[in-house]
>>> print(open('model-v9.txt').read())   # compact mmCIF, C-alpha atoms
# COMPACT_ATOMS: atom_id res chain seq x y z
CA MET A 1 0.00 0.00 0.00
CA ALA A 2 1.38 3.41 -0.99
CA LEU A 3 2.13 5.98 1.69
CA PRO A 4 0.15 9.24 1.46
CA GLY A 5 3.20 11.21 0.33
CA THR A 6 4.06 8.65 -2.34
CA ARG A 7 0.47 8.63 -3.57
CA ALA A 8 0.40 12.44 -3.77
CA ARG A 9 3.64 12.50 -5.79
CA GLY A 10 2.18 9.92 -8.18
CA TRP A 11 -0.97 11.97 -8.65
CA ALA A 12 1.12 15.09 -9.27
CA ALA A 13 3.05 13.20 -11.96
CA ALA A 14 -0.24 12.22 -13.57
CA ALA A 15 -1.33 15.85 -13.66
CA LYS A 16 1.98 16.85 -15.29
CA MET A 17 1.51 14.22 -18.01
CA ALA A 18 -1.98 15.53 -18.72
CA GLN A 19 -0.63 19.08 -18.85
CA ARG A 20 2.03 18.03 -21.39
CA ARG A 21 -0.71 16.52 -23.52
CA ARG A 22 -2.74 19.75 -23.42
CA HIS A 23 0.33 21.79 -24.39
CA ALA A 24 1.03 19.44 -27.29
CA GLU A 25 -2.59 19.88 -28.42
CA ALA A 26 -2.20 23.65 -28.39
CA ALA A 27 1.08 23.49 -30.31
CA ARG A 28 -0.46 21.32 -33.02
CA GLY A 29 -3.33 23.72 -33.62
CA SER A 30 -6.55 22.53 -35.24
CA PRO A 31 -5.90 19.26 -37.07
CA SER A 32 -7.58 18.44 -40.38
CA ARG A 33 -10.72 16.40 -39.98
CA ALA A 34 -9.88 12.69 -39.99
CA SER A 35 -11.80 10.42 -42.34
CA GLN A 36 -14.41 8.01 -40.95
CA GLY A 37 -12.05 5.04 -41.34
CA SER A 38 -9.21 6.73 -39.48
CA ARG A 39 -11.27 7.60 -36.39
CA ALA A 40 -12.05 5.30 -33.48
CA ALA A 41 -12.98 5.02 -29.84
CA LEU A 42 -10.68 3.28 -27.36
CA TYR A 43 -11.72 0.96 -24.52
CA VAL A 44 -9.20 0.24 -21.74
CA HIS A 45 -9.88 -2.74 -19.45
CA TRP A 46 -8.61 -2.71 -15.87
CA PRO A 47 -9.22 -6.32 -14.74
CA TYR A 48 -8.91 -6.07 -10.97
CA CYS A 49 -11.59 -5.78 -8.28
CA GLU A 50 -11.70 -5.76 -4.49
CA LYS A 51 -14.19 -8.64 -4.43
CA ARG A 52 -16.57 -10.57 -6.65
CA CYS A 53 -20.13 -9.29 -6.91
CA SER A 54 -22.81 -11.95 -7.21
CA TYR A 55 -24.32 -10.59 -10.44
CA CYS A 56 -21.18 -9.66 -12.39
CA ASN A 57 -19.95 -11.75 -15.31
CA PHE A 58 -17.27 -9.39 -16.61
CA ASN A 59 -13.61 -10.36 -16.90
CA LYS A 60 -12.31 -9.57 -13.41
CA TYR A 61 -9.78 -10.91 -10.91
CA ILE A 62 -9.22 -10.53 -7.17
CA PRO A 63 -5.42 -10.36 -6.85
CA ARG A 64 -3.28 -10.69 -3.77
CA GLY A 65 -1.25 -7.80 -5.09
CA VAL A 66 -1.11 -5.81 -8.32
CA GLU A 67 2.12 -4.93 -10.11
CA GLU A 68 0.65 -1.70 -11.41
CA ALA A 69 3.83 -0.49 -13.08
CA ALA A 70 3.93 -3.66 -15.21
CA MET A 71 0.21 -3.41 -16.01
CA ARG A 72 0.62 0.26 -16.90
CA SER A 73 3.54 -0.47 -19.20
CA CYS A 74 1.63 -3.22 -20.99
CA LEU A 75 -1.50 -1.08 -21.43
CA VAL A 76 0.66 1.65 -22.98
CA THR A 77 2.45 -0.83 -25.25
CA GLU A 78 -0.74 -2.49 -26.45
CA ALA A 79 -2.39 0.87 -27.12
CA GLN A 80 0.62 1.94 -29.20
CA THR A 81 0.67 -1.33 -31.15
CA LEU A 82 -3.04 -1.46 -31.97
CA LEU A 83 -3.16 2.21 -32.92
CA ARG A 84 -0.32 1.63 -35.39
CA LEU A 85 -1.95 -1.51 -36.79
CA SER A 86 -5.28 0.23 -37.21
CA GLY A 87 -3.91 3.39 -38.75
CA VAL A 88 -6.27 5.38 -36.54
CA GLN A 89 -5.38 9.07 -36.66
CA ARG A 90 -7.94 10.41 -34.23
CA VAL A 91 -9.28 8.85 -31.02
CA GLU A 92 -12.63 10.44 -30.26
CA SER A 93 -13.28 8.91 -26.84
CA VAL A 94 -11.59 6.75 -24.22
CA PHE A 95 -13.41 4.57 -21.70
CA PHE A 96 -11.64 3.01 -18.71
CA GLY A 97 -13.79 0.04 -17.66
CA GLY A 98 -13.36 -3.13 -15.70
CA GLY A 99 -13.07 -4.63 -13.26
CA THR A 100 -12.78 -1.57 -11.10
CA PRO A 101 -10.56 1.00 -12.85
CA SER A 102 -10.93 3.45 -9.97
CA LEU A 103 -8.57 1.07 -8.11
CA ALA A 104 -5.83 2.05 -10.57
CA SER A 105 -3.70 5.10 -9.97
CA PRO A 106 -4.35 8.35 -11.87
CA ASN A 107 -0.78 7.96 -13.13
CA THR A 108 -1.83 4.87 -15.11
CA VAL A 109 -4.72 6.76 -16.69
CA ALA A 110 -2.45 9.67 -17.61
CA ALA A 111 0.19 7.36 -19.09
CA VAL A 112 -2.33 5.65 -21.38
CA LEU A 113 -3.83 8.95 -22.53
CA GLU A 114 -0.39 10.40 -23.24
CA ALA A 115 0.58 7.32 -25.27
CA VAL A 116 -2.64 7.54 -27.28
CA ASP A 117 -2.04 11.20 -28.05
CA GLN A 118 1.55 10.55 -29.12
CA ILE A 119 0.68 7.76 -31.59
CA SER A 120 -2.66 9.11 -32.77
CA HIS A 121 -4.45 12.31 -31.83
CA LEU A 122 -6.61 12.69 -28.74
CA PRO A 123 -8.32 16.09 -28.91
CA ALA A 124 -8.48 18.03 -25.67
CA ASP A 125 -12.29 17.89 -25.72
CA SER A 126 -12.51 14.12 -26.28
CA GLU A 127 -14.74 12.29 -23.83
CA VAL A 128 -12.61 10.35 -21.31
CA THR A 129 -14.74 8.23 -18.98
CA LEU A 130 -13.70 6.29 -15.90
CA GLU A 131 -15.88 3.72 -14.14
CA ALA A 132 -15.75 4.17 -10.37
CA ASN A 133 -17.05 2.34 -7.33
CA PRO A 134 -17.94 4.38 -4.23
CA THR A 135 -15.50 2.53 -1.95
CA SER A 136 -12.51 3.12 -4.25
CA ALA A 137 -13.25 6.70 -5.26
CA SER A 138 -12.53 9.25 -2.56
CA GLY A 139 -13.00 12.89 -3.42
CA SER A 140 -9.24 13.50 -3.59
CA LYS A 141 -8.71 10.55 -5.89
CA LEU A 142 -11.56 11.61 -8.19
CA ALA A 143 -9.96 15.05 -8.40
CA ALA A 144 -6.63 13.41 -9.26
CA PHE A 145 -8.29 11.41 -12.05
CA GLY A 146 -9.67 14.69 -13.36
CA ALA A 147 -6.21 16.22 -13.34
CA ALA A 148 -4.92 13.14 -15.21
CA GLY A 149 -7.38 13.72 -18.06
CA VAL A 150 -10.65 12.08 -17.06
CA ASN A 151 -13.64 14.35 -17.77
CA ARG A 152 -16.59 12.00 -17.23
CA LEU A 153 -17.43 9.51 -14.46
CA SER A 154 -19.61 6.40 -14.56
CA ILE A 155 -20.44 5.37 -10.99
CA GLY A 156 -21.59 1.86 -10.12
CA LEU A 157 -24.33 2.63 -7.61
CA GLN A 158 -26.54 -0.37 -8.62
CA SER A 159 -29.03 0.34 -5.82
CA LEU A 160 -29.76 2.78 -3.01
CA ASP A 161 -31.14 0.06 -0.74
CA ASP A 162 -28.62 -1.39 1.72
CA THR A 163 -30.30 -4.80 1.76
CA GLU A 164 -30.14 -5.04 -2.02
CA LEU A 165 -26.52 -3.89 -2.01
CA ARG A 166 -25.60 -6.68 0.41
CA LEU A 167 -27.50 -9.17 -1.75
CA LEU A 168 -25.47 -8.05 -4.76
CA GLY A 169 -22.20 -8.35 -2.86
CA ARG A 170 -21.39 -4.66 -3.11
CA THR A 171 -18.87 -3.19 -0.67
CA HIS A 172 -20.57 0.20 -0.35
CA SER A 173 -23.69 1.41 1.43
CA ALA A 174 -26.41 3.69 0.12
CA SER A 175 -24.87 6.48 2.17
CA ASP A 176 -21.44 5.85 0.58
CA ALA A 177 -23.05 5.93 -2.86
CA LEU A 178 -24.80 9.25 -2.31
CA GLN A 179 -21.65 10.81 -0.88
CA THR A 180 -19.57 9.70 -3.87
CA LEU A 181 -22.25 10.89 -6.28
CA ALA A 182 -22.34 14.33 -4.67
CA GLU A 183 -18.55 14.62 -4.85
CA ALA A 184 -18.52 13.45 -8.48
CA ARG A 185 -21.17 15.99 -9.48
CA ARG A 186 -19.16 18.74 -7.80
CA LEU A 187 -15.95 17.77 -9.62
CA PHE A 188 -17.48 16.79 -12.99
CA PRO A 189 -20.64 18.92 -13.31
CA GLY A 190 -23.00 17.62 -15.98
CA ARG A 191 -20.69 14.70 -16.82
CA VAL A 192 -21.63 11.98 -14.34
CA SER A 193 -23.60 8.82 -15.06
CA VAL A 194 -24.74 6.11 -12.66
CA ASP A 195 -25.58 2.43 -13.06
CA LEU A 196 -28.84 1.31 -11.45
CA MET A 197 -30.31 -2.20 -11.56
CA LEU A 198 -33.96 -3.18 -11.77
CA GLY A 199 -35.68 -6.53 -11.53
CA LEU A 200 -33.58 -7.65 -8.58
CA PRO A 201 -34.64 -11.03 -7.16
CA ALA A 202 -36.29 -11.66 -3.84
CA GLN A 203 -33.92 -10.92 -0.99
CA GLN A 204 -32.59 -14.40 -0.58
CA VAL A 205 -29.78 -16.50 -1.96
CA GLN A 206 -30.32 -20.09 -3.05
CA ARG A 207 -27.32 -22.42 -3.29
CA GLY A 208 -24.97 -19.51 -3.84
CA THR A 209 -26.88 -18.13 -6.82
CA LEU A 210 -29.49 -15.43 -7.13
CA PRO A 211 -32.99 -16.65 -8.08
CA ALA A 212 -34.35 -15.31 -11.35
CA PRO A 213 -36.64 -12.29 -11.02
CA ASP A 214 -40.24 -12.47 -12.21
CA PRO A 215 -40.18 -11.35 -15.89
CA GLU A 216 -43.58 -9.65 -15.75
CA LEU A 217 -42.57 -7.64 -12.69
CA THR A 218 -39.26 -6.72 -14.31
CA ALA A 219 -41.07 -5.49 -17.44
CA GLU A 220 -43.43 -3.42 -15.31
CA MET A 221 -40.52 -1.87 -13.40
CA TYR A 222 -38.77 -1.06 -16.68
CA GLN A 223 -41.82 0.68 -18.11
CA GLU A 224 -42.42 2.60 -14.88
CA GLY A 225 -38.76 3.66 -14.77
CA ARG A 226 -38.88 4.90 -18.35
CA ALA A 227 -41.97 6.96 -17.62
CA VAL A 228 -40.53 8.50 -14.45
CA LEU A 229 -37.29 9.46 -16.19
CA ARG A 230 -39.12 10.93 -19.18
CA GLU A 231 -41.23 13.08 -16.86
CA ALA A 232 -38.01 14.23 -15.19
CA GLY A 233 -36.65 15.49 -18.51
CA PHE A 234 -34.44 12.55 -19.43
CA ARG A 235 -34.14 11.39 -23.03
CA GLN A 236 -34.09 7.63 -23.48
CA TYR A 237 -31.42 7.60 -26.14
CA GLU A 238 -30.87 3.82 -25.97
CA VAL A 239 -32.71 0.79 -24.62
CA SER A 240 -31.13 1.06 -21.16
CA ASN A 241 -29.54 4.53 -21.22
CA PHE A 242 -31.07 7.88 -20.32
CA ALA A 243 -29.62 11.39 -20.31
CA ARG A 244 -30.72 14.98 -20.04
CA ASN A 245 -29.18 18.26 -21.19
CA GLY A 246 -27.50 16.39 -24.06
CA ALA A 247 -25.13 14.52 -21.71
CA LEU A 248 -25.25 11.15 -23.48
CA SER A 249 -22.20 8.88 -23.62
CA THR A 250 -20.46 9.59 -26.90
CA HIS A 251 -18.23 6.56 -26.36
CA ASN A 252 -21.16 4.16 -26.11
CA TRP A 253 -22.80 5.93 -29.05
CA THR A 254 -19.84 4.76 -31.15
CA TYR A 255 -20.75 1.15 -30.31
CA TRP A 256 -24.40 1.62 -31.25
CA GLN A 257 -23.45 3.35 -34.49
CA CYS A 258 -21.03 0.51 -35.34
CA GLY A 259 -18.06 2.83 -35.40
CA GLN A 260 -14.54 1.51 -35.04
CA TYR A 261 -13.25 0.88 -31.55
CA LEU A 262 -10.03 -0.56 -30.20
CA GLY A 263 -9.96 -2.66 -27.03
CA ILE A 264 -6.83 -2.88 -24.91
CA GLY A 265 -6.26 -4.78 -21.70
CA PRO A 266 -7.10 -8.35 -20.60
CA GLY A 267 -10.27 -9.63 -22.26
CA ALA A 268 -11.00 -6.38 -24.10
CA HIS A 269 -12.95 -6.52 -27.38
CA GLY A 270 -12.42 -4.35 -30.45
CA ARG A 271 -13.72 -3.93 -33.98
CA PHE A 272 -11.56 -2.14 -36.54
CA VAL A 273 -9.88 -2.35 -39.93
CA LEU A 274 -6.13 -3.02 -40.02
CA GLN A 275 -5.49 -0.04 -42.28
CA GLY A 276 -2.03 0.49 -40.90
CA ALA A 277 -1.16 -3.06 -41.96
CA GLY A 278 -2.78 -2.73 -45.39
CA GLY A 279 -6.04 -4.42 -44.44
CA HIS A 280 -9.52 -3.62 -45.79
CA THR A 281 -11.82 -5.88 -43.76
CA ARG A 282 -13.13 -5.05 -40.31
CA GLU A 283 -12.08 -7.56 -37.67
CA ALA A 284 -13.58 -8.52 -34.33
CA ARG A 285 -10.66 -8.91 -31.91
CA ILE A 286 -10.54 -10.34 -28.40
CA GLN A 287 -7.56 -9.94 -26.09
CA THR A 288 -6.26 -12.73 -23.85
CA LEU A 289 -8.38 -12.95 -20.71
CA GLU A 290 -6.01 -13.76 -17.84
CA PRO A 291 -3.90 -10.71 -16.84
CA ASP A 292 -0.56 -12.47 -16.29
CA ASN A 293 -0.78 -14.34 -19.61
CA TRP A 294 -1.93 -11.18 -21.36
CA MET A 295 1.07 -9.25 -20.01
CA LYS A 296 3.48 -11.97 -21.18
CA GLU A 297 2.02 -11.79 -24.69
CA VAL A 298 2.19 -8.00 -24.76
CA MET A 299 5.84 -8.10 -23.72
CA LEU A 300 6.59 -10.68 -26.43
CA PHE A 301 4.46 -9.45 -29.33
CA GLY A 302 3.42 -5.90 -28.47
CA HIS A 303 -0.21 -6.93 -28.01
CA GLY A 304 -2.22 -9.73 -26.41
CA THR A 305 -4.77 -10.41 -29.14
CA ARG A 306 -6.01 -13.96 -28.65
CA ARG A 307 -8.62 -14.14 -31.41
CA ARG A 308 -9.22 -12.35 -34.72
CA VAL A 309 -12.43 -12.87 -36.70
CA PRO A 310 -12.92 -11.10 -40.06
CA LEU A 311 -16.46 -9.76 -40.36
CA GLY A 312 -18.32 -10.43 -43.60
CA GLN A 313 -20.52 -7.74 -45.10
CA LEU A 314 -23.76 -9.42 -44.03
CA GLU A 315 -22.46 -9.85 -40.46
CA LEU A 316 -21.60 -6.15 -40.38
CA LEU A 317 -25.07 -5.17 -41.63
CA GLU A 318 -26.67 -7.39 -38.99
CA GLU A 319 -24.70 -5.48 -36.35
CA VAL A 320 -25.67 -2.14 -37.87
CA LEU A 321 -29.34 -3.19 -37.68
CA ALA A 322 -29.30 -4.69 -34.18
CA MET A 323 -27.16 -1.96 -32.61
CA GLY A 324 -28.71 1.00 -34.42
CA LEU A 325 -32.25 0.07 -33.46
CA ARG A 326 -31.25 0.17 -29.79
CA THR A 327 -31.18 3.97 -30.08
CA ASP A 328 -34.03 6.43 -30.32
CA VAL A 329 -32.58 7.74 -33.60
CA GLY A 330 -32.56 4.26 -35.13
CA ILE A 331 -30.84 3.87 -38.51
CA THR A 332 -30.97 6.82 -40.87
CA HIS A 333 -30.78 6.23 -44.61
CA GLN A 334 -27.45 8.08 -44.70
CA HIS A 335 -26.01 5.93 -41.92
CA TRP A 336 -27.10 2.69 -43.60
CA GLN A 337 -25.56 3.77 -46.91
CA GLN A 338 -22.17 4.17 -45.26
CA PHE A 339 -22.17 0.39 -44.79
CA GLU A 340 -24.33 -0.71 -47.76
CA PRO A 341 -24.58 1.77 -50.65
CA GLN A 342 -26.49 -0.53 -53.04
CA LEU A 343 -29.25 -2.11 -50.92
CA ASN A 344 -31.25 0.60 -49.15
CA LEU A 345 -33.62 0.26 -46.21
CA TRP A 346 -36.70 0.40 -48.44
CA ASP A 347 -35.29 -2.44 -50.56
CA VAL A 348 -34.75 -4.59 -47.50
CA PHE A 349 -37.82 -3.89 -45.41
CA GLY A 350 -40.33 -1.90 -47.46
CA ALA A 351 -42.15 -4.80 -49.15
CA SER A 352 -42.11 -7.30 -46.26
CA ARG A 353 -45.58 -8.23 -44.98
CA GLU A 354 -44.17 -9.04 -41.56
CA VAL A 355 -42.47 -5.66 -41.32
CA LYS A 356 -45.63 -3.91 -42.53
CA ALA A 357 -47.49 -5.61 -39.68
CA LEU A 358 -45.00 -4.18 -37.17
CA LEU A 359 -45.40 -0.75 -38.75
CA ALA A 360 -49.18 -1.03 -38.51
CA GLN A 361 -48.91 -1.98 -34.82
CA GLY A 362 -46.93 1.19 -34.18
CA LEU A 363 -43.80 -0.67 -33.04
CA LEU A 364 -41.60 0.41 -35.96
CA LEU A 365 -41.34 3.47 -38.20
CA LEU A 366 -39.91 3.42 -41.73
CA ASP A 367 -39.99 6.83 -43.42
CA HIS A 368 -37.86 9.52 -45.04
CA ARG A 369 -35.60 9.58 -41.97
CA GLY A 370 -34.88 5.84 -41.86
CA LEU A 371 -35.86 2.86 -39.72
CA ARG A 372 -36.40 3.20 -35.97
CA CYS A 373 -38.40 1.84 -33.06
CA SER A 374 -41.30 3.72 -31.53
CA TRP A 375 -41.41 4.34 -27.77
CA GLU A 376 -43.39 1.11 -27.43
CA GLY A 377 -41.17 -0.79 -29.85
CA LEU A 378 -37.95 0.10 -28.07
CA ALA A 379 -39.16 -1.91 -25.06
CA VAL A 380 -39.62 -5.08 -27.16
CA LEU A 381 -36.68 -4.73 -29.56
CA ASP A 382 -35.48 -8.32 -29.13
CA SER A 383 -38.79 -9.65 -30.44
CA LEU A 384 -38.72 -7.19 -33.38
CA LEU A 385 -35.28 -8.42 -34.41
CA LEU A 386 -36.70 -11.94 -34.75
CA THR A 387 -38.55 -10.55 -37.78
CA LEU A 388 -36.04 -8.00 -39.04
CA LEU A 389 -32.84 -10.05 -39.08
CA PRO A 390 -34.25 -12.91 -41.20
CA ARG A 391 -35.68 -10.32 -43.61
CA LEU A 392 -32.22 -8.73 -43.96
CA GLN A 393 -30.65 -12.13 -44.57
CA GLU A 394 -33.25 -12.95 -47.21
CA ALA A 395 -32.74 -9.64 -49.01
CA TRP A 396 -28.98 -10.13 -48.93
CA GLN A 397 -29.23 -13.62 -50.44
CA GLN A 398 -31.50 -12.32 -53.21
CA ARG A 399 -29.02 -9.55 -53.95
CA THR A 400 -25.92 -11.76 -53.97
CA PRO A 401 -25.74 -14.49 -56.65
CA SER A 402 -24.80 -17.95 -55.41
CA PRO A 403 -21.32 -19.04 -56.51
CA VAL A 404 -21.18 -21.44 -59.45
CA GLN A 405 -20.33 -24.94 -58.31
CA GLY A 406 -17.55 -26.58 -60.30
CA GLY A 407 -17.90 -30.15 -61.51
>>> encode(input="model-v9.txt", output="structure tokens")
Amino acid sequence: MALPGTRARGWAAAAKMAQRRRHAEAARGSPSRASQGSRAALYVHWPYCEKRCSYCNFNKYIPRGVEEAAMRSCLVTEAQTLLRLSGVQRVESVFFGGGTPSLASPNTVAAVLEAVDQISHLPADSEVTLEANPTSASGSKLAAFGAAGVNRLSIGLQSLDDTELRLLGRTHSASDALQTLAEARRLFPGRVSVDLMLGLPAQQVQRGTLPAPDPELTAEMYQEGRAVLREAGFRQYEVSNFARNGALSTHNWTYWQCGQYLGIGPGAHGRFVLQGAGGHTREARIQTLEPDNWMKEVMLFGHGTRRRVPLGQLELLEEVLAMGLRTDVGITHQHWQQFEPQLNLWDVFGASREVKALLAQGLLLLDHRGLRCSWEGLAVLDSLLLTLLPRLQEAWQQRTPSPVQGG
């Protein structure tokens, strides 16, 4: 455990790194606008937690001790490698997730951001989000993260009921959560989000697992929550995300718009084109899960990519459809044409009887703007996709001639 003086010196170093980055930004002036293919978001995975929560299935580890300097070095190296491979010239957002990244030092955050800005370009106004848990995010540490370059916080409250928090295995109380939230709002005004869970099971644990909540009750809670938030001035900009005053997550918006994103750290996922290596096909990439093995691979190869899967055009269009319809904007005609210039939305969905039935029920809208869910349709998107995805596949097969079989 670091002594207070050592910790303060580390946080001061993080602030100096962030200041160097801002000075470099000013010296460069206004860069030319990067093309769509040379822009991306960056996800950074910090894999460590204080304890396991009963509901969490993310890639996380409870270590006896963390060699943060080694982890920091490997995160920097992998970011540099993947940015070079991708040919990305502009990183539009960075998201530190986990795990519990608020357990990391601000110095680690600053080092990653500085490396990103040196290899690519990270504008001073880019969204930089850090996930934080109340028990690992004191006011002084949140301020140090801000000095290191973080400008948005995502706080894992989950619940404001102490009984539910204990059921979930959380280490904080409702009082801790509210105190952290107040401090975050003071330090990052207008740029704080919180995670809240609904549909929690009855307050009991059976054989070490949580019993499944009643689906009808969960649906009712979801609809009631949507209505309450709408009345409070929140825009439901995605199935499970709400914001007011325009404060939506631009990083997550990249996912829903099927933009490029790089994933660094153990178990991180990414989707990008290897332009820097002469590639033309978007790949889905998954990094090695276990931190020690991942670090060994990064030290040997410069990155810890465990799996690479080229995405076919139909697979990409399926993602555009499924992800885009999660948002209140849906899929505009212009957005669809960026991925498929020949087969438009009317061609795919306009003549389908099944889709016309969904339009008549008021669950979908297909018009001059594009294809999107209604308020009612957004709540049942999964069932709508059972109709829409097969229709897309059928239209794609009709468009693409079958290959001639040789004798």
>>> closest_atom_pairs(input="model-v9.txt", of="region 58-135 of chain A", to="region 161-177 of chain A", cutoff="10 Å", atoms="all atoms listed in the file", output="CSV")
residue,atom,partner,partner_atom,distance
A:Asn133,CA,A:His172,CA,8.1
A:Pro134,CA,A:Ala177,CA,5.5
A:Thr135,CA,A:His172,CA,5.8
>>> closest_residue(input="model-v9.txt", among="A:Gly259, A:Gly265, A:Pro189, A:Gly65", to="Ser38 (chain A)", atoms="all atoms listed in the file")
A:Gly259
>>> closest_residue(input="model-v9.txt", among="A:Thr218, A:Leu364, A:Val94, A:Gly267", to="Gly350 (chain A)", atoms="only C-alpha atoms")
A:Leu364
>>> atom_distance(input="model-v9.txt", atom1="CA of Thr332 (chain A)", atom2="CA of Leu311 (chain A)")
22.0 Å
>>> residues_near_point(input="model-v9.txt", point="(-37.5, -9.9, -34.2)", cutoff="12 Å", atoms="all atoms listed in the file", output="list of chain:residue names")
A:Leu321, A:Ala322, A:Leu325, A:Glu354, A:Val355, A:Leu358, A:Leu363, A:Leu364, A:Cys373, A:Gly377, A:Leu378, A:Val380, A:Leu381, A:Asp382, A:Ser383, A:Leu384, A:Leu385, A:Leu386, A:Thr387, A:Leu388, A:Leu389, A:Pro390, A:Arg391, A:Leu392
>>> closest_residue(input="model-v9.txt", among="A:Arg372, A:Arg307, A:His269, A:His121", to="Gln80 (chain A)", atoms="all atoms listed in the file")
A:His121
>>> residues_around(input="model-v9.txt", residues="Arg369 (chain A)", least_positions_apart="2", cutoff="12 Å", atoms="all atoms listed in the file", output="tab-separated table (two decimals) with C-alpha atoms, in the coordinates of the input")
chain	number	residue	atom	x	y	z
A	329	VAL	CA	-32.58	7.74	-33.60
A	330	GLY	CA	-32.56	4.26	-35.13
A	331	ILE	CA	-30.84	3.87	-38.51
A	332	THR	CA	-30.97	6.82	-40.87
A	333	HIS	CA	-30.78	6.23	-44.61
A	334	GLN	CA	-27.45	8.08	-44.70
A	335	HIS	CA	-26.01	5.93	-41.92
A	336	TRP	CA	-27.10	2.69	-43.60
A	345	LEU	CA	-33.62	0.26	-46.21
A	346	TRP	CA	-36.70	0.40	-48.44
A	365	LEU	CA	-41.34	3.47	-38.20
A	366	LEU	CA	-39.91	3.42	-41.73
A	367	ASP	CA	-39.99	6.83	-43.42
A	371	LEU	CA	-35.86	2.86	-39.72
A	372	ARG	CA	-36.40	3.20	-35.97
>>> atom_distance(input="model-v9.txt", atom1="CA of Ser193 (chain A)", atom2="CA of Phe272 (chain A)")
27.0 Å
>>> atom_distance(input="model-v9.txt", atom1="CA of Leu122 (chain A)", atom2="CA of Ser102 (chain A)")
21.4 Å
>>> residues_around(input="model-v9.txt", residues="Ala40 (chain A)", least_positions_apart="6", cutoff="9 Å", atoms="all atoms listed in the file", output="list of chain:residue names")
A:Val88, A:Gln89, A:Arg90, A:Val91, A:Glu92, A:Ser93, A:Thr254, A:Gly259, A:Gln260, A:Tyr261, A:Leu262, A:Phe272
>>> write_last_selection(input="model-v9.txt", atoms="C-alpha atoms", output="mmCIF file, keeping the file's coordinate frame")
data_model
loop_
_atom_site.group_PDB
_atom_site.id
_atom_site.type_symbol
_atom_site.label_atom_id
_atom_site.label_comp_id
_atom_site.auth_asym_id
_atom_site.auth_seq_id
_atom_site.Cartn_x
_atom_site.Cartn_y
_atom_site.Cartn_z
ATOM 1 C CA VAL A 88 -6.270 5.380 -36.540
ATOM 2 C CA GLN A 89 -5.380 9.070 -36.660
ATOM 3 C CA ARG A 90 -7.940 10.410 -34.230
ATOM 4 C CA VAL A 91 -9.280 8.850 -31.020
ATOM 5 C CA GLU A 92 -12.630 10.440 -30.260
ATOM 6 C CA SER A 93 -13.280 8.910 -26.840
ATOM 7 C CA THR A 254 -19.840 4.760 -31.150
ATOM 8 C CA GLY A 259 -18.060 2.830 -35.400
ATOM 9 C CA GLN A 260 -14.540 1.510 -35.040
ATOM 10 C CA TYR A 261 -13.250 0.880 -31.550
ATOM 11 C CA LEU A 262 -10.030 -0.560 -30.200
ATOM 12 C CA PHE A 272 -11.560 -2.140 -36.540
#
>>> residues_near_point(input="model-v9.txt", point="(-6.7, -15.5, -28.2)", cutoff="10 Å", atoms="only C-alpha atoms", output="PyMOL selection string")
chain A and resi 267+285-289+294+304-308
>>> write_last_selection(input="model-v9.txt", atoms="C-alpha atoms", output="mmCIF file, in the coordinates of the input")
data_model
loop_
_atom_site.group_PDB
_atom_site.id
_atom_site.type_symbol
_atom_site.label_atom_id
_atom_site.label_comp_id
_atom_site.auth_asym_id
_atom_site.auth_seq_id
_atom_site.Cartn_x
_atom_site.Cartn_y
_atom_site.Cartn_z
ATOM 1 C CA GLY A 267 -10.270 -9.630 -22.260
ATOM 2 C CA ARG A 285 -10.660 -8.910 -31.910
ATOM 3 C CA ILE A 286 -10.540 -10.340 -28.400
ATOM 4 C CA GLN A 287 -7.560 -9.940 -26.090
ATOM 5 C CA THR A 288 -6.260 -12.730 -23.850
ATOM 6 C CA LEU A 289 -8.380 -12.950 -20.710
ATOM 7 C CA TRP A 294 -1.930 -11.180 -21.360
ATOM 8 C CA GLY A 304 -2.220 -9.730 -26.410
ATOM 9 C CA THR A 305 -4.770 -10.410 -29.140
ATOM 10 C CA ARG A 306 -6.010 -13.960 -28.650
ATOM 11 C CA ARG A 307 -8.620 -14.140 -31.410
ATOM 12 C CA ARG A 308 -9.220 -12.350 -34.720
#
>>> closest_residue(input="model-v9.txt", among="A:Ala104, A:Val150, A:Ala351, A:Leu42", to="Leu82 (chain A)", atoms="only C-alpha atoms")
A:Leu42
>>> residues_around(input="model-v9.txt", residues="Ala277 (chain A)", least_positions_apart="3", cutoff="10 Å", atoms="all atoms listed in the file", output="PyMOL selection string")
chain A and resi 84-87+273-274+280
